[in-house]
Amino acid sequence: MSSQPNSTALFSPPGPPALSFALRTRRAGAIPGLRHRPAVPADPCKVEEVDRRLEAWARGLDLFPETWFEDFAGFQFGRAVVLQHPGAADPERLTAAGKLLLAENVIDDCYCEDRGGSPRGLGGRLIMAQSAIDPYHGTPTTEEQWRHGMQTDGPLRSYHGAVQEYAAFATPSQTDRLVHDLARLHLGYLAEASWAETRYVPRVWEYLVMRQFNNFRPCLSLVDAVDGYELPEAVYARPEIQRITALAGNATTIVNDLYSFTKELANDPTHLNLPQVVAADDRCGLKAAYLKSVEIHNEIMTAFEEESAVLSATSPLIARYIEGLAAWVSGNHEWHATNTHRYHLPNYW
């Protein structure tokens, strides 16, 4: 590592991303025809600072074996959160977003996916994970046993520590919002696991319902807290705000399906993703299904843009929240499109 810069000075938030819609031309790594806004470029000094803090945190909690740190570096956690939160108020908040992103991936890999995870018995593991962020209350003896249990493995330590650090600067309602969105995520994990166990191939609409739960919404839950303000609970709970939040989460999740497609097929030809489900539902080839999945994403993204524009005009605070959502969506796309360590596109163009 190079000598540390003044980390506080690095985090003067830029202006909000432009609200005008952009259809990007094709460039290396990006999916042709996929609609998205340009992202605010990631400051490399910020990326280095956040990565340094995240690695120190992961090592301090002994989250995973030394052999995993190559993948940790390849994931580019620091670059991900710097791209996703260009308006972050300070380095502590941006690092907290990185810790939550890291913790969610540790849970997914170790409990659900190929690093020790399995559909079998997943519910029991996930209820313990939920308790790491939604504390148990009981007798002094059982509470002490619970506290000890939360330190028994890396996934539980990561969840418990990451949410505690987030709660140190977020309001109680923002923290509660995150806890509930992580419960939604766990419900989505369980649905996907049940389909894997029963070999059920869902219809397209069923798959998209599952992905509204098993998606990036917990990351989107953070945008106001990371930027240093609060969208009040009474506003956040309004149906139209919930809808644009869900649309943003659903668009980003389809982006993940599209960029992960080649890697997932190589690892497991039966792994569910949107193109696979479209191919089964429409009885078509994978290329046609992939291109239709791009269209589905674009429809959802257009709905997010159009409805966001209407809502932004109603309140400066709502407009600020929407700017944060849009920045996360565009930063998430940029991270996927440029992370060649993880993602390679199919030869469909």
# chains A, B, ... in the order shown; residues from 1 in each chain; ligands from 1
>>> residues_around(residues="Glu334 in chain A", least_positions_apart="5", cutoff="9 Å", atoms="only C-alpha atoms", output="list in words")
Ala30, Pro38, Ala39, Pro41, Ala80, Leu83, Gln84, Val329 and Asn339 of chain A
>>> residues_around(residues="Val201 in chain A", least_positions_apart="3", cutoff="8 Å", atoms="only C-alpha atoms", output="number ranges by chain")
A: 195, 272, 277, 280
>>> write_last_selection(atoms="all heavy atoms", output="short mmCIF file (atom, residue, chain, number, x, y, z; two decimals), in the first residue's frame")
data_model
loop_
_atom_site.label_atom_id
_atom_site.label_comp_id
_atom_site.auth_asym_id
_atom_site.auth_seq_id
_atom_site.Cartn_x
_atom_site.Cartn_y
_atom_site.Cartn_z
N TRP A 195 -36.48 -24.00 -4.77
CA TRP A 195 -36.58 -24.39 -6.18
C TRP A 195 -35.42 -25.29 -6.57
O TRP A 195 -35.60 -26.23 -7.36
CB TRP A 195 -36.61 -23.14 -7.06
CG TRP A 195 -37.89 -22.35 -6.94
CD1 TRP A 195 -39.07 -22.80 -6.44
CD2 TRP A 195 -38.09 -21.00 -7.34
NE1 TRP A 195 -40.02 -21.79 -6.49
CE2 TRP A 195 -39.45 -20.69 -7.04
CE3 TRP A 195 -37.29 -20.02 -7.90
CZ2 TRP A 195 -40.00 -19.43 -7.31
CZ3 TRP A 195 -37.83 -18.76 -8.17
CH2 TRP A 195 -39.17 -18.48 -7.87
N LEU A 272 -30.15 -20.99 -11.84
CA LEU A 272 -31.22 -20.11 -12.30
C LEU A 272 -30.71 -18.68 -12.46
O LEU A 272 -30.08 -18.12 -11.57
CB LEU A 272 -32.38 -20.11 -11.30
CG LEU A 272 -33.28 -21.34 -11.26
CD1 LEU A 272 -34.40 -21.12 -10.24
CD2 LEU A 272 -33.88 -21.64 -12.62
N VAL A 277 -34.31 -18.77 -17.32
CA VAL A 277 -35.75 -18.91 -17.08
C VAL A 277 -36.55 -18.49 -18.30
O VAL A 277 -37.54 -19.14 -18.67
CB VAL A 277 -36.15 -18.08 -15.84
CG1 VAL A 277 -37.66 -18.06 -15.65
CG2 VAL A 277 -35.48 -18.64 -14.59
N ALA A 280 -36.48 -21.31 -20.85
CA ALA A 280 -37.37 -22.42 -20.51
C ALA A 280 -38.84 -22.02 -20.71
O ALA A 280 -39.64 -22.81 -21.23
CB ALA A 280 -37.14 -22.84 -19.06
#
>>> select_by_dssp(residues="range 118-205 of chain A", states="helix (DSSP H, G or I)", output="ChimeraX atom specification")
/A:122-133,140-149,154-167,172-198,204-205
>>> residues_around(residues="Pro44 in chain A", least_positions_apart="2", cutoff="10 Å", atoms="only C-alpha atoms", output="PyMOL selection string")
chain A and resi 10+41-42+46-50+78-79+82
>>> write_last_selection(atoms="N, CA and C atoms", output="compact mmCIF listing (two decimals), in the first residue's frame")
# COMPACT_ATOMS: atom_id res chain seq x y z
N LEU A 10 -10.56 13.45 1.17
CA LEU A 10 -10.95 12.74 -0.05
C LEU A 10 -12.45 12.69 -0.24
N PRO A 41 -17.29 8.94 -12.02
CA PRO A 41 -16.05 8.15 -11.95
C PRO A 41 -15.58 7.94 -10.52
N ALA A 42 -15.02 6.77 -10.26
CA ALA A 42 -14.53 6.44 -8.91
C ALA A 42 -13.16 7.07 -8.69
N LYS A 46 -9.94 7.37 -3.02
CA LYS A 46 -11.03 6.89 -2.17
C LYS A 46 -11.11 5.37 -2.20
N VAL A 47 -10.99 4.81 -3.40
CA VAL A 47 -11.05 3.36 -3.54
C VAL A 47 -9.96 2.70 -2.70
N GLU A 48 -8.75 3.21 -2.79
CA GLU A 48 -7.64 2.62 -2.04
C GLU A 48 -7.88 2.72 -0.54
N GLU A 49 -8.40 3.87 -0.08
CA GLU A 49 -8.64 4.05 1.35
C GLU A 49 -9.71 3.09 1.86
N VAL A 50 -10.82 2.96 1.11
CA VAL A 50 -11.89 2.06 1.54
C VAL A 50 -11.41 0.61 1.51
N GLY A 78 -14.04 -1.84 -2.58
CA GLY A 78 -13.87 -0.39 -2.45
C GLY A 78 -14.36 0.34 -3.67
N ARG A 79 -14.00 -0.14 -4.85
CA ARG A 79 -14.45 0.52 -6.08
C ARG A 79 -15.96 0.43 -6.22
N VAL A 82 -17.54 3.09 -3.84
CA VAL A 82 -17.23 4.46 -4.28
C VAL A 82 -18.05 4.82 -5.50
>>> residues_around(residues="range 139-153 of chain A", least_positions_apart="5", cutoff="10 Å", atoms="only C-alpha atoms", output="ChimeraX atom specification")
/A:61-64,128-129,131-133,158-161
>>> residues_around(residues="Arg211 in chain A", least_positions_apart="6", cutoff="8 Å", atoms="only C-alpha atoms", output="list in words")
Gly188, Asn250 and Thr253 of chain A
>>> write_last_selection(atoms="all heavy atoms", output="short mmCIF file (atom, residue, chain, number, x, y, z; two decimals), in the first residue's frame")
data_model
loop_
_atom_site.label_atom_id
_atom_site.label_comp_id
_atom_site.auth_asym_id
_atom_site.auth_seq_id
_atom_site.Cartn_x
_atom_site.Cartn_y
_atom_site.Cartn_z
N GLY A 188 -35.79 -14.32 -0.05
CA GLY A 188 -35.46 -14.63 -1.44
C GLY A 188 -34.47 -15.78 -1.55
O GLY A 188 -34.60 -16.65 -2.42
N ASN A 250 -34.78 -3.93 -8.68
CA ASN A 250 -35.03 -4.97 -9.69
C ASN A 250 -34.16 -4.76 -10.94
O ASN A 250 -33.65 -5.72 -11.52
CB ASN A 250 -36.50 -4.99 -10.06
CG ASN A 250 -37.37 -5.49 -8.92
OD1 ASN A 250 -36.87 -6.10 -7.98
ND2 ASN A 250 -38.66 -5.23 -8.99
N THR A 253 -30.61 -5.85 -10.18
CA THR A 253 -30.50 -7.30 -10.03
C THR A 253 -30.48 -8.00 -11.39
O THR A 253 -29.75 -8.98 -11.58
CB THR A 253 -31.63 -7.83 -9.14
OG1 THR A 253 -31.55 -7.18 -7.88
CG2 THR A 253 -31.53 -9.32 -8.94
#
>>> atom_distance(atom1="CA of Gly285 in chain A", atom2="CA of Lys263 in chain A")
17.8 Å
>>> residues_around(residues="Gln164 in chain A", least_positions_apart="2", cutoff="12 Å", atoms="only C-alpha atoms", output="PyMOL selection string")
chain A and resi 96-97+99-100+132-135+157-162+166-172+175-176+178-179
>>> decode(residues="range 172-296 of chain A", atoms="C-alpha atoms", output="PDB file, in the first residue's frame")
ATOM      1  CA  PRO A 172     -33.033   3.978  14.462  1.00  0.00           C
ATOM      2  CA  SER A 173     -35.573   4.040  11.629  1.00  0.00           C
ATOM      3  CA  GLN A 174     -32.839   3.767   8.993  1.00  0.00           C
ATOM      4  CA  THR A 175     -31.316   0.828  10.845  1.00  0.00           C
ATOM      5  CA  ASP A 176     -34.707  -0.856  11.192  1.00  0.00           C
ATOM      6  CA  ARG A 177     -35.289  -0.328   7.474  1.00  0.00           C
ATOM      7  CA  LEU A 178     -32.033  -2.143   6.710  1.00  0.00           C
ATOM      8  CA  VAL A 179     -32.831  -5.022   9.081  1.00  0.00           C
ATOM      9  CA  HIS A 180     -36.183  -5.563   7.378  1.00  0.00           C
ATOM     10  CA  ASP A 181     -34.664  -5.401   3.904  1.00  0.00           C
ATOM     11  CA  LEU A 182     -32.091  -8.021   4.914  1.00  0.00           C
ATOM     12  CA  ALA A 183     -34.977 -10.221   6.083  1.00  0.00           C
ATOM     13  CA  ARG A 184     -36.481  -9.793   2.607  1.00  0.00           C
ATOM     14  CA  LEU A 185     -33.144 -10.856   1.147  1.00  0.00           C
ATOM     15  CA  HIS A 186     -33.113 -13.995   3.298  1.00  0.00           C
ATOM     16  CA  LEU A 187     -36.642 -14.842   2.168  1.00  0.00           C
ATOM     17  CA  GLY A 188     -35.460 -14.634  -1.437  1.00  0.00           C
ATOM     18  CA  TYR A 189     -32.514 -16.913  -0.646  1.00  0.00           C
ATOM     19  CA  LEU A 190     -34.930 -19.470   0.791  1.00  0.00           C
ATOM     20  CA  ALA A 191     -37.209 -19.359  -2.252  1.00  0.00           C
ATOM     21  CA  GLU A 192     -34.290 -19.919  -4.611  1.00  0.00           C
ATOM     22  CA  ALA A 193     -33.023 -22.772  -2.431  1.00  0.00           C
ATOM     23  CA  SER A 194     -36.426 -24.457  -2.376  1.00  0.00           C
ATOM     24  CA  TRP A 195     -36.580 -24.385  -6.176  1.00  0.00           C
ATOM     25  CA  ALA A 196     -33.088 -25.877  -6.363  1.00  0.00           C
ATOM     26  CA  GLU A 197     -34.058 -28.705  -4.006  1.00  0.00           C
ATOM     27  CA  THR A 198     -37.244 -29.533  -5.918  1.00  0.00           C
ATOM     28  CA  ARG A 199     -35.708 -28.857  -9.367  1.00  0.00           C
ATOM     29  CA  TYR A 200     -38.536 -26.430 -10.075  1.00  0.00           C
ATOM     30  CA  VAL A 201     -38.000 -24.050 -12.980  1.00  0.00           C
ATOM     31  CA  PRO A 202     -40.180 -20.982 -12.321  1.00  0.00           C
ATOM     32  CA  ARG A 203     -42.095 -18.984 -14.876  1.00  0.00           C
ATOM     33  CA  VAL A 204     -40.518 -15.636 -15.754  1.00  0.00           C
ATOM     34  CA  TRP A 205     -42.900 -13.667 -13.542  1.00  0.00           C
ATOM     35  CA  GLU A 206     -42.313 -16.054 -10.642  1.00  0.00           C
ATOM     36  CA  TYR A 207     -38.555 -15.718 -11.015  1.00  0.00           C
ATOM     37  CA  LEU A 208     -38.779 -11.924 -11.069  1.00  0.00           C
ATOM     38  CA  VAL A 209     -40.919 -11.966  -7.928  1.00  0.00           C
ATOM     39  CA  MET A 210     -38.219 -13.996  -6.191  1.00  0.00           C
ATOM     40  CA  ARG A 211     -35.536 -11.605  -7.409  1.00  0.00           C
ATOM     41  CA  GLN A 212     -37.399  -8.629  -5.975  1.00  0.00           C
ATOM     42  CA  PHE A 213     -36.555 -10.172  -2.595  1.00  0.00           C
ATOM     43  CA  ASN A 214     -33.210 -11.780  -3.473  1.00  0.00           C
ATOM     44  CA  ASN A 215     -31.637  -8.583  -4.779  1.00  0.00           C
ATOM     45  CA  PHE A 216     -29.632  -5.463  -3.983  1.00  0.00           C
ATOM     46  CA  ARG A 217     -32.339  -3.662  -2.033  1.00  0.00           C
ATOM     47  CA  PRO A 218     -30.428  -3.736   1.295  1.00  0.00           C
ATOM     48  CA  CYS A 219     -27.657  -1.784  -0.441  1.00  0.00           C
ATOM     49  CA  LEU A 220     -30.171   0.737  -1.794  1.00  0.00           C
ATOM     50  CA  SER A 221     -31.616   1.092   1.725  1.00  0.00           C
ATOM     51  CA  LEU A 222     -28.429   2.923   2.716  1.00  0.00           C
ATOM     52  CA  VAL A 223     -28.327   5.768   0.223  1.00  0.00           C
ATOM     53  CA  ASP A 224     -29.711   8.519   2.450  1.00  0.00           C
ATOM     54  CA  ALA A 225     -27.755   7.490   5.561  1.00  0.00           C
ATOM     55  CA  VAL A 226     -24.477   7.180   3.635  1.00  0.00           C
ATOM     56  CA  ASP A 227     -25.062  10.601   2.079  1.00  0.00           C
ATOM     57  CA  GLY A 228     -25.631  12.107   5.533  1.00  0.00           C
ATOM     58  CA  TYR A 229     -29.376  12.729   5.819  1.00  0.00           C
ATOM     59  CA  GLU A 230     -32.621  10.826   6.406  1.00  0.00           C
ATOM     60  CA  LEU A 231     -35.637  10.342   4.203  1.00  0.00           C
ATOM     61  CA  PRO A 232     -38.258  10.246   7.000  1.00  0.00           C
ATOM     62  CA  GLU A 233     -39.982   6.936   7.583  1.00  0.00           C
ATOM     63  CA  ALA A 234     -43.409   8.433   6.796  1.00  0.00           C
ATOM     64  CA  VAL A 235     -42.122   9.465   3.358  1.00  0.00           C
ATOM     65  CA  TYR A 236     -40.096   6.325   2.722  1.00  0.00           C
ATOM     66  CA  ALA A 237     -43.149   4.149   3.446  1.00  0.00           C
ATOM     67  CA  ARG A 238     -45.323   5.844   0.820  1.00  0.00           C
ATOM     68  CA  PRO A 239     -46.327   3.377  -1.950  1.00  0.00           C
ATOM     69  CA  GLU A 240     -44.861   5.466  -4.738  1.00  0.00           C
ATOM     70  CA  ILE A 241     -41.485   5.688  -2.930  1.00  0.00           C
ATOM     71  CA  GLN A 242     -41.556   1.966  -2.265  1.00  0.00           C
ATOM     72  CA  ARG A 243     -42.283   1.373  -5.953  1.00  0.00           C
ATOM     73  CA  ILE A 244     -39.346   3.373  -7.304  1.00  0.00           C
ATOM     74  CA  THR A 245     -37.063   1.771  -4.695  1.00  0.00           C
ATOM     75  CA  ALA A 246     -38.225  -1.674  -5.827  1.00  0.00           C
ATOM     76  CA  LEU A 247     -37.813  -0.755  -9.511  1.00  0.00           C
ATOM     77  CA  ALA A 248     -34.251   0.418  -8.861  1.00  0.00           C
ATOM     78  CA  GLY A 249     -33.453  -2.808  -6.994  1.00  0.00           C
ATOM     79  CA  ASN A 250     -35.026  -4.967  -9.688  1.00  0.00           C
ATOM     80  CA  ALA A 251     -33.119  -3.229 -12.504  1.00  0.00           C
ATOM     81  CA  THR A 252     -29.785  -3.648 -10.729  1.00  0.00           C
ATOM     82  CA  THR A 253     -30.496  -7.302 -10.031  1.00  0.00           C
ATOM     83  CA  ILE A 254     -31.194  -8.060 -13.678  1.00  0.00           C
ATOM     84  CA  VAL A 255     -27.905  -6.315 -14.485  1.00  0.00           C
ATOM     85  CA  ASN A 256     -26.244  -8.829 -12.164  1.00  0.00           C
ATOM     86  CA  ASP A 257     -28.004 -11.730 -13.899  1.00  0.00           C
ATOM     87  CA  LEU A 258     -26.840 -10.519 -17.301  1.00  0.00           C
ATOM     88  CA  TYR A 259     -23.221  -9.917 -16.367  1.00  0.00           C
ATOM     89  CA  SER A 260     -23.011 -13.108 -14.264  1.00  0.00           C
ATOM     90  CA  PHE A 261     -24.600 -15.271 -16.965  1.00  0.00           C
ATOM     91  CA  THR A 262     -21.430 -16.708 -18.529  1.00  0.00           C
ATOM     92  CA  LYS A 263     -19.710 -17.325 -15.201  1.00  0.00           C
ATOM     93  CA  GLU A 264     -22.771 -19.035 -13.708  1.00  0.00           C
ATOM     94  CA  LEU A 265     -23.244 -21.303 -16.707  1.00  0.00           C
ATOM     95  CA  ALA A 266     -19.596 -22.345 -16.534  1.00  0.00           C
ATOM     96  CA  ASN A 267     -19.924 -23.202 -12.835  1.00  0.00           C
ATOM     97  CA  ASP A 268     -23.383 -24.798 -12.971  1.00  0.00           C
ATOM     98  CA  PRO A 269     -25.374 -25.163 -16.216  1.00  0.00           C
ATOM     99  CA  THR A 270     -28.615 -25.477 -14.209  1.00  0.00           C
ATOM    100  CA  HIS A 271     -28.126 -22.315 -12.126  1.00  0.00           C
ATOM    101  CA  LEU A 272     -31.217 -20.113 -12.297  1.00  0.00           C
ATOM    102  CA  ASN A 273     -30.862 -16.675 -13.831  1.00  0.00           C
ATOM    103  CA  LEU A 274     -33.208 -14.596 -15.947  1.00  0.00           C
ATOM    104  CA  PRO A 275     -31.982 -15.733 -19.395  1.00  0.00           C
ATOM    105  CA  GLN A 276     -32.192 -19.387 -18.320  1.00  0.00           C
ATOM    106  CA  VAL A 277     -35.752 -18.909 -17.079  1.00  0.00           C
ATOM    107  CA  VAL A 278     -36.800 -16.997 -20.206  1.00  0.00           C
ATOM    108  CA  ALA A 279     -35.363 -19.775 -22.379  1.00  0.00           C
ATOM    109  CA  ALA A 280     -37.375 -22.416 -20.513  1.00  0.00           C
ATOM    110  CA  ASP A 281     -40.559 -20.333 -20.381  1.00  0.00           C
ATOM    111  CA  ASP A 282     -40.455 -19.228 -24.034  1.00  0.00           C
ATOM    112  CA  ARG A 283     -38.921 -22.477 -25.354  1.00  0.00           C
ATOM    113  CA  CYS A 284     -36.195 -20.566 -27.143  1.00  0.00           C
ATOM    114  CA  GLY A 285     -32.412 -20.580 -27.308  1.00  0.00           C
ATOM    115  CA  LEU A 286     -30.190 -18.899 -24.751  1.00  0.00           C
ATOM    116  CA  LYS A 287     -29.153 -16.103 -27.116  1.00  0.00           C
ATOM    117  CA  ALA A 288     -32.754 -15.086 -27.795  1.00  0.00           C
ATOM    118  CA  ALA A 289     -33.541 -15.402 -24.086  1.00  0.00           C
ATOM    119  CA  TYR A 290     -30.549 -13.253 -23.136  1.00  0.00           C
ATOM    120  CA  LEU A 291     -31.551 -10.498 -25.543  1.00  0.00           C
ATOM    121  CA  LYS A 292     -35.131 -10.607 -24.275  1.00  0.00           C
ATOM    122  CA  SER A 293     -33.776 -10.276 -20.728  1.00  0.00           C
ATOM    123  CA  VAL A 294     -32.022  -7.078 -21.799  1.00  0.00           C
ATOM    124  CA  GLU A 295     -35.406  -5.793 -22.993  1.00  0.00           C
ATOM    125  CA  ILE A 296     -37.033  -6.698 -19.673  1.00  0.00           C
TER     126      ILE A 296
END
